[in-house]
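What follows is work.txt (compact mmCIF, C-alpha atoms and all ligand atoms).
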```txt
# COMPACT_ATOMS: atom_id res chain seq x y z
CA MET C 1 -37.30 46.22 120.73
CA LYS C 2 -36.82 46.97 117.02
CA ILE C 3 -39.35 49.49 115.64
CA LYS C 4 -39.61 50.18 111.90
CA VAL C 5 -41.64 52.74 109.97
CA GLY C 6 -43.04 52.12 106.47
CA PHE C 7 -44.58 54.24 103.74
CA GLY C 8 -46.88 53.19 100.90
CA PHE C 9 -48.56 54.82 97.93
CA ASP C 10 -50.97 53.53 95.29
CA VAL C 11 -52.98 54.93 92.42
CA HIS C 12 -55.63 53.33 90.21
CA GLN C 13 -57.58 54.50 87.23
CA LEU C 14 -61.32 55.14 87.66
CA LYS C 15 -63.65 53.79 84.96
CA ASP C 16 -67.36 54.35 84.41
CA ASN C 17 -69.74 51.58 85.53
CA HIS C 18 -66.96 49.67 87.26
CA PRO C 19 -67.19 48.36 90.87
CA PHE C 20 -65.47 50.67 93.36
CA VAL C 21 -63.80 48.61 96.11
CA LEU C 22 -62.04 50.66 98.77
CA GLY C 23 -60.93 49.63 102.23
CA GLY C 24 -62.44 46.19 101.74
CA ILE C 25 -65.96 47.43 101.01
CA GLN C 26 -67.84 48.21 97.81
CA LEU C 27 -68.88 51.84 97.39
CA ASP C 28 -72.00 52.90 95.53
CA HIS C 29 -70.63 55.23 92.83
CA TYR C 30 -70.99 55.76 89.08
CA LYS C 31 -67.37 54.76 88.50
CA GLY C 32 -64.81 52.53 90.16
CA ALA C 33 -61.15 51.65 90.37
CA PHE C 34 -59.71 49.39 87.68
CA GLY C 35 -56.74 47.03 88.12
CA HIS C 36 -55.54 43.43 87.98
CA SER C 37 -57.02 42.69 91.43
CA ASP C 38 -60.07 44.49 92.83
CA ALA C 39 -57.88 47.63 92.68
CA ASP C 40 -58.36 48.59 96.32
CA VAL C 41 -55.84 51.46 96.54
CA LEU C 42 -56.22 51.81 100.29
CA LEU C 43 -55.29 48.20 101.04
CA HIS C 44 -52.51 48.29 98.44
CA ALA C 45 -50.94 51.40 99.99
CA ILE C 46 -51.15 49.80 103.45
CA CYS C 47 -49.58 46.53 102.20
CA ASP C 48 -46.75 48.51 100.58
CA ALA C 49 -46.17 50.45 103.82
CA LEU C 50 -45.97 47.18 105.80
CA LEU C 51 -43.70 45.45 103.29
CA GLY C 52 -41.51 48.56 103.16
CA ALA C 53 -41.23 48.70 106.95
CA ALA C 54 -40.03 45.08 106.98
CA ASN C 55 -37.76 45.72 103.97
CA LEU C 56 -39.50 42.95 102.03
CA GLY C 57 -39.90 44.67 98.67
CA ASP C 58 -43.31 45.80 97.40
CA ILE C 59 -46.77 44.47 96.63
CA GLY C 60 -46.02 43.98 92.93
CA PHE C 61 -43.02 41.79 93.82
CA HIS C 62 -45.08 39.41 96.00
CA PHE C 63 -48.39 39.61 94.08
CA LYS C 64 -47.48 39.92 90.42
CA ASN C 65 -50.02 41.50 88.08
CA THR C 66 -49.20 38.75 85.55
CA ASP C 67 -50.22 36.00 87.99
CA ASP C 68 -53.75 34.65 87.51
CA ARG C 69 -53.94 33.76 91.23
CA TRP C 70 -54.41 37.47 91.98
CA LYS C 71 -56.66 38.34 89.03
CA GLY C 72 -59.87 39.96 90.28
CA ILE C 73 -58.99 38.91 93.83
CA SER C 74 -60.19 40.75 96.94
CA SER C 75 -57.32 42.83 98.30
CA LEU C 76 -58.36 41.65 101.77
CA ILE C 77 -56.74 38.33 100.78
CA ILE C 78 -53.61 40.20 99.65
CA ALA C 79 -53.69 41.92 103.08
CA GLU C 80 -53.88 38.55 104.87
CA GLU C 81 -50.98 37.22 102.79
CA THR C 82 -49.00 40.39 103.53
CA LEU C 83 -49.58 39.89 107.26
CA LYS C 84 -48.14 36.35 106.93
CA LEU C 85 -44.97 37.82 105.34
CA ILE C 86 -44.66 40.44 108.09
CA LYS C 87 -45.14 37.79 110.80
CA SER C 88 -42.64 35.43 109.13
CA ALA C 89 -40.07 38.22 109.39
CA GLY C 90 -40.80 38.29 113.14
CA TYR C 91 -42.74 41.55 113.23
CA GLU C 92 -46.11 42.55 114.61
CA ILE C 93 -48.02 45.59 113.40
CA GLY C 94 -48.23 48.61 115.70
CA ASN C 95 -50.49 51.04 113.89
CA ILE C 96 -51.51 52.18 110.41
CA ASP C 97 -52.38 55.71 109.29
CA ALA C 98 -53.78 56.20 105.78
CA MET C 99 -54.90 59.07 103.58
CA LEU C 100 -57.25 58.74 100.63
CA CYS C 101 -57.32 61.34 97.88
CA LEU C 102 -60.45 61.24 95.72
CA GLU C 103 -63.03 63.74 94.59
CA ALA C 104 -66.08 61.56 95.24
CA PRO C 105 -67.91 59.88 96.84
CA LYS C 106 -67.68 61.12 100.40
CA ILE C 107 -65.63 58.59 102.36
CA ASN C 108 -66.23 59.70 105.95
CA PRO C 109 -69.51 57.78 106.41
CA HIS C 110 -67.78 54.56 105.30
CA ILE C 111 -64.66 54.80 107.43
CA PRO C 112 -65.98 52.77 110.44
CA GLU C 113 -66.89 49.83 108.17
CA MET C 114 -63.57 50.04 106.29
CA LYS C 115 -61.70 49.97 109.60
CA LYS C 116 -63.57 46.82 110.67
CA HIS C 117 -62.59 44.94 107.50
CA ILE C 118 -58.99 46.15 107.57
CA ALA C 119 -58.63 45.34 111.28
CA LYS C 120 -59.88 41.79 110.67
CA ALA C 121 -57.50 41.22 107.73
CA PHE C 122 -54.46 42.47 109.67
CA GLN C 123 -55.58 41.03 113.05
CA LEU C 124 -55.58 44.49 114.63
CA GLU C 125 -57.91 46.52 116.84
CA VAL C 126 -59.88 49.20 114.94
CA GLU C 127 -58.23 51.77 117.23
CA ASP C 128 -54.90 50.93 115.59
CA ILE C 129 -56.13 51.98 112.15
CA SER C 130 -56.64 55.56 111.03
CA ILE C 131 -58.24 56.43 107.68
CA LYS C 132 -58.64 59.99 106.41
CA ALA C 133 -59.80 61.50 103.13
CA THR C 134 -59.38 64.64 101.10
CA THR C 135 -60.49 65.83 97.70
CA ASN C 136 -57.96 67.32 95.29
CA GLU C 137 -60.04 70.52 95.14
CA THR C 138 -61.16 69.59 91.56
CA MET C 139 -57.57 69.82 90.24
CA GLY C 140 -55.67 67.34 88.10
CA PHE C 141 -56.50 63.68 87.39
CA ILE C 142 -57.96 63.18 90.85
CA GLY C 143 -60.10 66.30 90.51
CA ARG C 144 -61.41 65.07 87.14
CA GLU C 145 -62.21 61.69 88.77
CA GLU C 146 -59.84 59.90 86.42
CA GLY C 147 -58.02 58.27 89.32
CA VAL C 148 -57.91 57.59 93.04
CA VAL C 149 -54.84 57.77 95.26
CA ALA C 150 -53.95 56.41 98.70
CA TYR C 151 -50.98 56.97 100.99
CA ALA C 152 -50.22 54.99 104.14
CA VAL C 153 -47.66 54.89 106.91
CA CYS C 154 -47.26 52.18 109.52
CA LEU C 155 -45.17 51.05 112.43
CA ILE C 156 -44.09 47.46 112.93
CA GLN C 157 -42.08 46.05 115.82
CA LYS C 158 -40.24 42.98 117.07
CA SER C 159 -38.49 42.31 120.37
N1 LIG W 201 -63.76 61.84 99.09
C1 LIG W 201 -63.77 62.56 100.25
C2 LIG W 201 -63.08 63.75 100.39
C3 LIG W 201 -63.17 64.44 101.56
N2 LIG W 201 -63.88 63.96 102.60
C4 LIG W 201 -64.03 64.72 103.86
O1 LIG W 201 -64.37 66.06 103.57
C5 LIG W 201 -63.43 66.94 104.18
C6 LIG W 201 -63.19 68.13 103.32
O2 LIG W 201 -62.50 67.76 102.14
P1 LIG W 201 -61.64 68.81 101.33
O3 LIG W 201 -60.93 68.06 100.28
O4 LIG W 201 -62.63 69.76 100.79
O5 LIG W 201 -60.69 69.45 102.31
C7 LIG W 201 -62.19 66.12 104.44
O6 LIG W 201 -61.42 66.59 105.51
C8 LIG W 201 -62.79 64.76 104.74
O7 LIG W 201 -63.18 64.73 106.09
C9 LIG W 201 -64.52 62.76 102.45
O8 LIG W 201 -65.19 62.25 103.38
N3 LIG W 201 -64.47 62.08 101.28
C1 LIG W 202 -52.47 43.85 93.35
C2 LIG W 202 -51.81 43.58 92.02
C3 LIG W 202 -51.88 42.07 91.75
O1 LIG W 202 -53.20 41.67 91.46
O2 LIG W 202 -52.41 44.23 90.91
P1 LIG W 202 -53.29 45.58 90.80
O3 LIG W 202 -54.67 45.33 91.25
O4 LIG W 202 -53.19 46.09 89.38
O5 LIG W 202 -52.65 46.62 91.81
P2 LIG W 202 -51.29 47.44 91.82
O6 LIG W 202 -51.33 48.31 93.02
O7 LIG W 202 -51.10 48.14 90.51
O8 LIG W 202 -50.08 46.39 91.95
C4 LIG W 202 -49.99 45.27 92.77
C5 LIG W 202 -50.38 44.07 91.98
O9 LIG W 202 -49.41 43.36 91.36
```

Can you present the structure in this file as structure tokens?
Amino acid sequence: MKIKVGFGFDVHQLKDNHPFVLGGIQLDHYKGAFGHSDADVLLHAICDALLGAANLGDIGFHFKNTDDRWKGISSLIIAEETLKLIKSAGYEIGNIDAMLCLEAPKINPHIPEMKKHIAKAFQLEVEDISIKATTNETMGFIGREEGVVAYAVCLIQKS
């Protein structure tokens, strides 16, 4: 059995009156994350962790931000495509642990729904996905709500 660990990070700018998509759901907030896709930092960090574990490069390599196919796309589709790459390399996903860093809104009430969407996209059980959140204690660009950050680690395995 070959077991690999992966790490991912993502950051996106927050803009006023912009949709805030995080963990595959839309949050009700006065600002939202801006990017080429739907700018879902949580899914992007998870995809980077998975691609890293399989030594397949990063999300920007497979889903270029100059490619109109990915413009405005739901990152759940990017997650499904990432799973195909991981499976093609012969791996299955063990577990995912993620950390969100944003000042607002409160994420805890939304975590069960996020887990459902992420589990479906990666064909996992919700028990195999952990999502946590912290503020940045009002400091820096996260504290000023100028940006949102996500970190993720994962295990993948093949026999
Ligand atoms: N956007 C956030 C940030 C934090 N939480 C939850 O609140 C707890 C306390 O956060 P601190 O940054 O003050 O330590 C944290 O442990 C999370 O459970 C949240 O839901 N959404
Ligand atoms: C997802 C992609 C592709 O639409 O674009 P963004 O939404 O800007 O996200 P990012 O995490 O900066 O990089 C990966 C991309 O190339």

Proximity check range 100-126 of chain C to range 66-87 of chain C, 12 Å, nearest pairs one decimal Å, only C-alpha atoms, as a tab-separated table:
```
residue	atom	partner	partner_atom	distance
C:Met114	CA	C:Leu76	CA	10.9
C:Lys115	CA	C:Leu76	CA	11.9
C:Lys116	CA	C:Leu76	CA	11.5
C:His117	CA	C:Leu76	CA	7.8
C:Ile118	CA	C:Leu76	CA	7.4
C:Ala119	CA	C:Ala79	CA	10.2
C:Lys120	CA	C:Glu80	CA	9.0
C:Ala121	CA	C:Glu80	CA	5.3
C:Phe122	CA	C:Leu83	CA	6.0
C:Gln123	CA	C:Leu83	CA	8.4
C:Leu124	CA	C:Leu83	CA	10.6
```

Let's have the selection written as a PDB file, in the frame of the given file, with C-alpha atoms.
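File produced: result-v1.pdb:
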```pdb
ATOM      1  CA  MET C 114     -63.570  50.040 106.290  1.00  0.00           C
ATOM      2  CA  LYS C 115     -61.700  49.970 109.600  1.00  0.00           C
ATOM      3  CA  LYS C 116     -63.570  46.820 110.670  1.00  0.00           C
ATOM      4  CA  HIS C 117     -62.590  44.940 107.500  1.00  0.00           C
ATOM      5  CA  ILE C 118     -58.990  46.150 107.570  1.00  0.00           C
ATOM      6  CA  ALA C 119     -58.630  45.340 111.280  1.00  0.00           C
ATOM      7  CA  LYS C 120     -59.880  41.790 110.670  1.00  0.00           C
ATOM      8  CA  ALA C 121     -57.500  41.220 107.730  1.00  0.00           C
ATOM      9  CA  PHE C 122     -54.460  42.470 109.670  1.00  0.00           C
ATOM     10  CA  GLN C 123     -55.580  41.030 113.050  1.00  0.00           C
ATOM     11  CA  LEU C 124     -55.580  44.490 114.630  1.00  0.00           C
TER      12      LEU C 124
END
```

Could you list, as a ChimeraX atom specification, every residue within 10 Å of Glu103 in chain C, counting only C-alpha atoms and ignoring same-chain residues fewer than 3 positions away? /C:100,106-107,133-139,141-148

Include C-alpha atoms and write out the residues we just selected as a tab-separated table (two decimals), keeping the file's coordinate frame.
```tsv
chain	number	residue	atom	x	y	z
C	100	LEU	CA	-57.25	58.74	100.63
C	106	LYS	CA	-67.68	61.12	100.40
C	107	ILE	CA	-65.63	58.59	102.36
C	133	ALA	CA	-59.80	61.50	103.13
C	134	THR	CA	-59.38	64.64	101.10
C	135	THR	CA	-60.49	65.83	97.70
C	136	ASN	CA	-57.96	67.32	95.29
C	137	GLU	CA	-60.04	70.52	95.14
C	138	THR	CA	-61.16	69.59	91.56
C	139	MET	CA	-57.57	69.82	90.24
C	141	PHE	CA	-56.50	63.68	87.39
C	142	ILE	CA	-57.96	63.18	90.85
C	143	GLY	CA	-60.10	66.30	90.51
C	144	ARG	CA	-61.41	65.07	87.14
C	145	GLU	CA	-62.21	61.69	88.77
C	146	GLU	CA	-59.84	59.90	86.42
C	147	GLY	CA	-58.02	58.27	89.32
C	148	VAL	CA	-57.91	57.59	93.04
```

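Closest approach to Ile93 in chain C among C:His62, C:Cys154, C:Phe34, C:Asp28: C:Cys154, based on all atoms listed in the file.
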
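Computed from the coordinates, the atom C2 of ligand LIG 201 (chain W) to CA of His12 in chain C distance equals 16.4 Å.
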
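Using only C-alpha atoms, the nearest neighbour of Gly94 in chain C within the list C:Ala45, C:Leu155, C:Ala53, C:Ala150 is C:Leu155.
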
Would you name the residues within 6 Å of ligand LIG 202 (chain W), counting all atoms listed in the file, and put them as a PyMOL selection string? chain C and resi 10+35-39+44+59-60+63-65+70-71

Axis-aligned box for all listed atoms of ligand LIG 201 (chain W), 5 Å per side, centre and edges in Å to one decimal, as JSON:
```
{"center_x": -62.9, "center_y": 65.8, "center_z": 102.6, "size_x": 14.5, "size_y": 17.9, "size_z": 17.0}
```

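The spacing separating CA of Val5 in chain C from CA of Pro109 in chain C amounts to 28.5 Å.
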
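The residue set within 10 Å of Phe9 in chain C, counting only C-alpha atoms and dropping same-chain residues fewer than 5 places from it, reads Val41, Leu42, Leu43, His44, Ala45, Ile46, Cys47, Asp48, Ala49, Ala98, Met99, Leu100, Val149, Ala150, Tyr151, Ala152 and Val153 of chain C.
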
At most 6 Å from (-54.8, 51.8, 110.7), file frame, all atoms listed in the file: which residues, as a PyMOL selection string? chain C and resi 95-97+128-130

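Reported to one decimal place, the separation of CA of Leu51 in chain C from CA of Phe7 in chain C is 8.8 Å.
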
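Of the listed residues (C:Ile111, C:Tyr30, C:Met1, C:Asn55), C:Ile111 comes nearest to ligand LIG 201 (chain W); the distances count all atoms listed in the file.
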
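Distances here use all atoms listed in the file; by that measure, the residue among C:Asn108, C:Gln13, C:Gln26, C:Ser88 closest to ligand LIG 201 (chain W) is C:Asn108.
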
Counting all atoms listed in the file, the residue among C:Leu102, C:Ala33, C:Ile131, C:Leu27 that lies closest to ligand LIG 201 (chain W) is C:Leu102

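The residue that comes closest to Lys2 in chain C, out of C:Tyr91, C:Val126, C:Gly23, C:Lys132 and on the basis of all atoms listed in the file, is C:Tyr91.
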